[in-house]
Amino acid sequence: MGRQSCLKAIALSFAGMLLVGCGSDATAPSEVGTISLLVVSGGGQSGVVGTELPQPLVIKATNSKGRAIADLTVNFRVTSGGGSMFAGVASTDNKGMAADYWTLGTSVAQQQSVEVRAVLSSGQKQVFATFTAVALPGMAAHVTIQAGNGQSTSPGTAVSVAPAVQVTDQYGNSVPNNAVTFIPGAGSGSVTGGAPTTDALGIASVGSWILGSPGINTLIATAAGSGISGNPVTFTATGVGQDLWVHKADMPSGGRGDLAASVMNSLVYAVGGFAASGYLGTVEAYDPTIDAWTIKSPMLTPRAYLATGVVNDRLYALGGQGGPFNGVMDTVEVYDPLTDSWTRVLHMPTERAELAVGVVNGVLYAVGGRRTDPHTHSLTALGTVEAYDPVTGLWTTKAPMPTPR
């Protein structure tokens with residue numbers, strides 16, 4: 001290069017361009033003729049999604065005689081994969097070299113590629129080179145149930161679908177080779193193959209899960225790693241089909257006898273009864289789906305030996321023994337679950353305890369029981385049948401049972 005070319009190169013460097021050497025081994029773009037561009041290094045790398053590759057992408061520009069081309073402006077453009085370049089544009093140095101750094105996109109499913117482009121002085125658009133890279137998933141960030149939850153089978157039998165989880169990184173890419181442990185809860189049986197690793201789809205499956213006790217069994221799956229969302233995962237399965245009794249949650253009030261029970265809105269209501277403290281107005285509701293009790297508002301009149309029935313999502317408590325004088329009662333109360341409150345309705349025509357109640361076509365039938373004989377003052381069995389219609393609020397006497405009881 002002559003003095004004028006050297007001064008031009010120095011001026012370009014102050015304008016933010018790369019300083020071009022003034023030796024005779026570099027050719028200016030206006031003098032090059034046919035341009036060739038070679039990938040020097042940086043191709044075929046692999047890196048974690050969303051991170052910068054460790055090596056820069058380096059190209060070399062030469063003319064038809066193999067001489068380096070200096071001051072050629074080239075652009076590095078991401079063409080697939082959604083990543084980004086650090087600068088995006090560079091000028092070749094006096095050895096014809098230009099470089100940039102590449103941050104990969106966030107999906108391992110998309111091809112990762114970058115093209116090196118230039119617009120020649122003739123106005124011609126030209127793609128000189130293409131770089132590709134392999135995107136790898138990041139660290140485990142999420143674990144979710146993939147299959148096998150909510151099954152049922154006999155205790156001592158393996159569930160039909162082996163429970164499995166899927167592990168993904170922060171961008172939802174499957175994470176392979178991540179360790180997962182499957183451990184049954186207390187009384188929840190045993191497993192085989194309880195320490196698998198995730199496959200190429202990020203899925204890890206237990207070999208088998210053999211249920212333990214009747215009722216709800218649990219299986220805990222824990223993915224190795226810290227800060228993993230959803231970790232650990234809990235599977236449930238129900239042991240069914242056995243002629244067995246299973247102990248469930250005890251009533252909160254403790255022991256009581258001579259109570260009544262009815263089912264309303266899938267809850268079992270335990271009403272009244274007798275304990276060491278005397279007659280009870282206690283009302284508790286049991287939810288079989290979660291094996292838990294809830295305390296409700298008590299009856300207005302404590303009593304035992306009563307009967308209950310349900311009509312139109314209302315719980316009726318009839319008769320029994322208790323009250324202020326511990327006598328046999330004709331009292332009828334109705335419970336509204338929406339307001340958790342009791343109200344009295346028209347009492348039975350006949351006071352009685354130890355009766356039975358059935359519901360037919362929305363009408364409550366109070367059947368049999370015992371009452372105090374006014375002459376002997378002892379409890380006498382009854383064949384009495386009386387029907388209460390909640391619509392009219394009235395009682396009707398029906399034909400008695402042939403056998404009092």
# chains A, B, ... in the order shown; residues from 1 in each chain; ligands from 1
>>> select_by_dssp(residues="range 150-314 of chain A", states="strand (DSSP E or B)", output="PyMOL selection string")
chain A and resi 151-153+158+164-168+174+179-184+190-192+197+203-205+208-210+215-223+229+233-239+257+260-264+267-271+274-275+278-279+283-287+292-296+303-304+307-311+314
>>> atom_distance(atom1="CA of Arg352 in chain A", atom2="CA of Thr376 in chain A")
15.8 Å
>>> atom_distance(atom1="CA of Thr51 in chain A", atom2="CA of Val165 in chain A")
26.6 Å
>>> atom_distance(atom1="CA of Gly383 in chain A", atom2="CA of Met348 in chain A")
14.5 Å
>>> residues_around(residues="Thr79 in chain A", least_positions_apart="5", cutoff="8 Å", atoms="only C-alpha atoms", output="list in words")
Gln112, Ser113, Val114 and Glu115 of chain A
>>> closest_atom_pairs(of="range 331-403 of chain A", to="range 239-261 of chain A", cutoff="12 Å", atoms="only C-alpha atoms", output="tab-separated table")
residue	atom	partner	partner_atom	distance
A:Ala353	CA	A:Asp258	CA	10.4
A:Glu354	CA	A:Asp258	CA	8.7
A:Leu355	CA	A:Ala260	CA	10.3
A:Ala356	CA	A:Ala260	CA	9.7
A:Val357	CA	A:Ala260	CA	10.3
>>> write_last_selection(atoms="all heavy atoms", output="CSV table (one decimal), in the first residue's frame")
chain,number,residue,atom,x,y,z
A,353,ALA,N,-88.1,-42.3,70.5
A,353,ALA,CA,-86.6,-42.5,70.3
A,353,ALA,C,-86.4,-43.8,69.7
A,353,ALA,O,-87.3,-44.7,69.6
A,353,ALA,CB,-85.9,-42.4,71.6
A,354,GLU,N,-85.2,-44.1,69.2
A,354,GLU,CA,-84.8,-45.3,68.6
A,354,GLU,C,-85.6,-45.7,67.4
A,354,GLU,O,-85.9,-46.8,67.1
A,354,GLU,CB,-84.8,-46.5,69.6
A,354,GLU,CG,-83.9,-46.3,70.8
A,354,GLU,CD,-83.9,-47.4,71.8
A,354,GLU,OE1,-84.1,-48.6,71.4
A,354,GLU,OE2,-83.8,-47.2,73.0
A,355,LEU,N,-86.1,-44.6,66.7
A,355,LEU,CA,-86.9,-44.8,65.5
A,355,LEU,C,-86.0,-45.0,64.3
A,355,LEU,O,-84.8,-44.8,64.3
A,355,LEU,CB,-87.9,-43.6,65.3
A,355,LEU,CG,-87.2,-42.3,65.0
A,355,LEU,CD1,-88.3,-41.4,64.4
A,355,LEU,CD2,-86.6,-41.6,66.2
A,356,ALA,N,-86.6,-45.3,63.1
A,356,ALA,CA,-85.9,-45.3,61.8
A,356,ALA,C,-86.6,-44.3,60.9
A,356,ALA,O,-87.8,-43.9,61.1
A,356,ALA,CB,-86.0,-46.7,61.2
A,357,VAL,N,-85.9,-43.7,60.0
A,357,VAL,CA,-86.4,-42.8,59.0
A,357,VAL,C,-86.0,-43.2,57.6
A,357,VAL,O,-84.8,-43.6,57.4
A,357,VAL,CB,-85.8,-41.3,59.3
A,357,VAL,CG1,-86.1,-40.4,58.1
A,357,VAL,CG2,-86.5,-40.8,60.6
>>> closest_residue(among="A:His377, A:His142, A:Lys95, A:Arg77", to="Val127 in chain A", atoms="only C-alpha atoms")
A:Arg77
>>> closest_residue(among="A:Gly278, A:Pro288, A:Gly309, A:Gly42", to="Ser262 in chain A", atoms="only C-alpha atoms")
A:Gly309
>>> residues_around(residues="Val119 in chain A", least_positions_apart="4", cutoff="12 Å", atoms="only C-alpha atoms", output="PyMOL selection string")
chain A and resi 29+35+72-75+123-128
>>> write_last_selection(atoms="C-alpha atoms", output="mmCIF file, in the first residue's frame")
data_model
loop_
_atom_site.group_PDB
_atom_site.id
_atom_site.type_symbol
_atom_site.label_atom_id
_atom_site.label_comp_id
_atom_site.auth_asym_id
_atom_site.auth_seq_id
_atom_site.Cartn_x
_atom_site.Cartn_y
_atom_site.Cartn_z
ATOM 1 C CA PRO A 29 -12.003 -4.889 -1.480
ATOM 2 C CA ILE A 35 -14.091 -13.084 -3.317
ATOM 3 C CA LEU A 72 -14.337 -6.221 3.809
ATOM 4 C CA THR A 73 -17.501 -5.606 5.870
ATOM 5 C CA VAL A 74 -19.372 -8.832 6.611
ATOM 6 C CA ASN A 75 -22.558 -9.494 8.547
ATOM 7 C CA GLY A 123 -24.345 -4.134 -5.273
ATOM 8 C CA GLN A 124 -24.401 -7.904 -5.429
ATOM 9 C CA LYS A 125 -25.730 -9.711 -2.329
ATOM 10 C CA GLN A 126 -23.708 -12.730 -1.406
ATOM 11 C CA VAL A 127 -23.783 -15.410 1.275
ATOM 12 C CA PHE A 128 -20.247 -16.501 1.930
#
>>> closest_atom_pairs(of="range 96-163 of chain A", to="range 184-194 of chain A", cutoff="12 Å", atoms="only C-alpha atoms", output="Markdown table")
| residue | atom | partner | partner_atom | distance |
| --- | --- | --- | --- | --- |
| A:Ser154 | CA | A:Gly189 | CA | 11.3 |
| A:Pro155 | CA | A:Gly189 | CA | 8.1 |
| A:Gly156 | CA | A:Gly189 | CA | 7.3 |
| A:Thr157 | CA | A:Gly189 | CA | 9.1 |
| A:Ala158 | CA | A:Val191 | CA | 8.7 |
| A:Val159 | CA | A:Val191 | CA | 10.5 |
| A:Ala162 | CA | A:Val191 | CA | 9.8 |
| A:Pro163 | CA | A:Val191 | CA | 10.3 |
>>> residues_around(residues="Leu379 in chain A", least_positions_apart="6", cutoff="12 Å", atoms="only C-alpha atoms", output="number ranges by chain")
A: 321, 327-328, 351-354, 369-373, 405
>>> residues_around(residues="Gln110 in chain A", least_positions_apart="6", cutoff="12 Å", atoms="only C-alpha atoms", output="list in words")
Val49, Thr79, Ser80, Gly81, Gly82, Gly83, Leu104, Thr132, Ala133, Val134, Ala135, Leu136, Pro137 and Asn173 of chain A
>>> residues_around(residues="Ala140 in chain A", least_positions_apart="3", cutoff="7 Å", atoms="only C-alpha atoms", output="CSV table (one decimal) with N, CA, C and O atoms, in the first residue's frame")
chain,number,residue,atom,x,y,z
A,167,VAL,N,-38.9,-34.5,33.0
A,167,VAL,CA,-38.0,-33.5,33.4
A,167,VAL,C,-37.7,-32.6,32.3
A,167,VAL,O,-37.2,-33.0,31.2
A,168,THR,N,-37.8,-31.3,32.5
A,168,THR,CA,-37.5,-30.3,31.4
A,168,THR,C,-36.6,-29.2,32.0
A,168,THR,O,-36.6,-29.0,33.2
A,169,ASP,N,-36.0,-28.4,31.1
A,169,ASP,CA,-35.2,-27.3,31.5
A,169,ASP,C,-36.1,-26.0,31.6
A,169,ASP,O,-37.3,-26.1,31.4
A,175,VAL,N,-34.9,-33.0,29.4
A,175,VAL,CA,-33.6,-33.1,29.9
A,175,VAL,C,-33.3,-34.6,30.1
A,175,VAL,O,-33.9,-35.3,30.9
A,225,GLY,N,-31.4,-32.7,41.6
A,225,GLY,CA,-31.1,-31.3,41.3
A,225,GLY,C,-31.7,-30.4,42.3
A,225,GLY,O,-32.6,-30.8,43.1
A,228,ILE,N,-35.8,-27.3,41.5
A,228,ILE,CA,-36.6,-27.8,40.4
A,228,ILE,C,-38.1,-27.6,40.8
A,228,ILE,O,-38.6,-28.1,41.8
>>> closest_residue(among="A:Gln166, A:Thr294, A:Ser152, A:Thr384", to="Gly202 in chain A", atoms="only C-alpha atoms")
A:Gln166
